[in-house]
Amino acid sequence: MSEKKTRNAIIRKNMVSISGGNDSIAMLQWVIDNRSFFKGESFDAVYCNTGWSVSWWADRMLKVKKFCEDNDIKYSETHANPGFEGLVRSKCAFPHQFAKFCTFELKIKPLISWRQDNKFTVRNSRVLLGVRADESKAREGTVSLGERDGYEALYPLAYLSDAERDEYIKRTGFTVLEHRSKECHPCIFEKTKKKLKTIEEDRITLIEKLEEDVTRYVQAKRILQNNPKYFEGEIFSMFNSKHLGKKAGIREQIVWANTDKGKYNKEEEDMLCSEQVGYCGD
Ligand code: SF4
């Protein structure tokens with residue numbers, strides 16, 4: 001759409017940033033409810049497909065797409081190339097808290113290209129973000145109007161509680177999810193016991209394979225370079241685990257996650273086996 005003007009006001013294009021989670025669905029309903037306020041402005045819902053969602057997420061996004069289209073909201077997807085898996089292989093490293101390159105590579109870069117391709121500029125458009133002050137300590141300062149990457153930003157859900165947010169969702173026909181968006185599954189931050197326990201076997205196998213490849217590459221490089229950091233048996237895991245040390249990959253972390261508090265002790269288990277002379281290996 002070309003930039004239009006009525007009197008002195010620019011008719012803006014609105015980019016609704018969605019992940020498909022609860023807040024996204026509530027925000028779409030908010031747009032429908034408040035559309036008349038934005039006289040003549042267009043709304044585009046944009047989903048960044050990272051290629052790392054849980055298996056059923058694609059089906060959910062098809063429903064989100066239909067919901068958008070039924071309500072005169074244009075739906076678009078960006079596709080990171082490579083996706084999460086390819087990114088880990090190309091960098092020979094997993095993103096982590098202090099090198100969170102996944103967000104930039106999988107979401108920000110494709111989004112910048114999308115904006116350029118669709119001529120969304122800071123002058124003719126604004127972004128809508130489904131962030132709420134109530135959702136976490138890091139977001140408690142969220143207010144309803146701000147700026148994101150130079151764009152005017154609206155945070156329509158800024159002051160909503162979970163219950164108020166859920167009221168919006170119920171009117172869409174979507175059910176309220178009991179978890180956050182699974183656009184990335186698992187996300188690099190989901191390393192608590194509770195989160196690890198939700199990872200499916202096929203996902204564990206895939207992560208394990210990635211860990212093997214990264215480990216083989218980094219260890220070979222360290223040996224060649226005579227790197228003092230090299231030590232045999234180190235695993236370059238998706239989740240650094242302070243509980244398990246450097247020799248535990250995803251498979252061991254899942255065992256830990258499924259063990260009651262204070263009961264996990266790998267050394268003790270190994271010892272137990274060798275101490276029971278007459279029962280094992282004798
Ligand atoms: S959701 Fe998590 S894994 Fe996905 S891009 Fe963001 S930080 Fe990375």
# chains A, B, ... in the order shown; residues from 1 in each chain; ligands from 1
call {"tool": "select_by_dssp", "arguments": {"residues": "range 73-179 of chain A", "states": "helix (DSSP H, G or I)", "output": "PyMOL selection string"}}
result
chain A and resi 84-91+101-117+133-135+137-139+162-172
call {"tool": "write_last_selection", "arguments": {"atoms": "C-alpha atoms", "output": "CSV table (one decimal), in the first residue's frame"}}
result
chain,number,residue,atom,x,y,z
A,84,PHE,CA,17.7,-23.1,14.1
A,85,GLU,CA,19.3,-26.5,13.3
A,86,GLY,CA,21.2,-25.2,10.3
A,87,LEU,CA,22.3,-22.2,12.3
A,88,VAL,CA,23.8,-24.3,15.0
A,89,ARG,CA,25.6,-26.4,12.4
A,90,SER,CA,26.9,-23.4,10.5
A,91,LYS,CA,28.2,-21.7,13.7
A,101,PHE,CA,22.5,-15.0,18.1
A,102,CYS,CA,19.3,-17.1,17.4
A,103,THR,CA,17.0,-14.1,17.9
A,104,PHE,CA,18.9,-11.9,15.5
A,105,GLU,CA,19.4,-14.6,12.9
A,106,LEU,CA,16.0,-16.3,13.1
A,107,LYS,CA,13.8,-13.4,13.8
A,108,ILE,CA,15.3,-9.9,13.5
A,109,LYS,CA,17.1,-10.4,10.2
A,110,PRO,CA,14.1,-12.0,8.4
A,111,LEU,CA,11.8,-9.3,9.8
A,112,ILE,CA,14.0,-6.5,8.5
A,113,SER,CA,13.9,-8.1,5.0
A,114,TRP,CA,10.2,-8.5,5.3
A,115,ARG,CA,9.8,-4.8,6.2
A,116,GLN,CA,12.0,-3.8,3.3
A,117,ASP,CA,10.1,-6.1,0.8
A,133,ALA,CA,4.0,-5.9,32.4
A,134,ASP,CA,2.5,-8.8,34.4
A,135,GLU,CA,4.3,-11.6,32.6
A,137,LYS,CA,10.1,-9.1,36.2
A,138,ALA,CA,12.0,-8.1,33.0
A,139,ARG,CA,8.8,-6.8,31.5
A,162,ASP,CA,-3.5,-13.2,32.8
A,163,ALA,CA,-7.2,-13.4,33.5
A,164,GLU,CA,-8.0,-10.2,31.5
A,165,ARG,CA,-5.8,-11.5,28.6
A,166,ASP,CA,-7.6,-14.8,28.7
A,167,GLU,CA,-11.0,-13.1,28.3
A,168,TYR,CA,-9.8,-11.8,24.9
A,169,ILE,CA,-8.6,-15.3,23.9
A,170,LYS,CA,-11.9,-17.0,24.8
A,171,ARG,CA,-13.7,-14.7,22.3
A,172,THR,CA,-11.5,-15.9,19.4
call {"tool": "residues_near_ligand", "arguments": {"ligand": "ligand 1", "cutoff": "10 Å", "atoms": "only C-alpha atoms and all ligand atoms", "output": "PyMOL selection string"}}
result
chain A and resi 19+48-53+83-84+94-97+99-108+180-190
call {"tool": "residues_around", "arguments": {"residues": "Tyr159 in chain A", "least_positions_apart": "2", "cutoff": "9 Å", "atoms": "only C-alpha atoms", "output": "number ranges by chain"}}
result
A: 132-134, 142-144, 155-157, 161
call {"tool": "closest_residue", "arguments": {"among": "A:Lys63, A:Lys197, A:Arg126, A:Arg148", "to": "Gly173 in chain A", "atoms": "only C-alpha atoms"}}
result
A:Lys63
call {"tool": "select_by_dssp", "arguments": {"residues": "range 84-208 of chain A", "states": "strand (DSSP E)", "output": "list in words"}}
result
Ser125, Arg126, Val127, Leu128, Leu129, Leu145, Gly146, Glu147, Arg148, Tyr151, Glu152, Ala153 and Leu154 of chain A
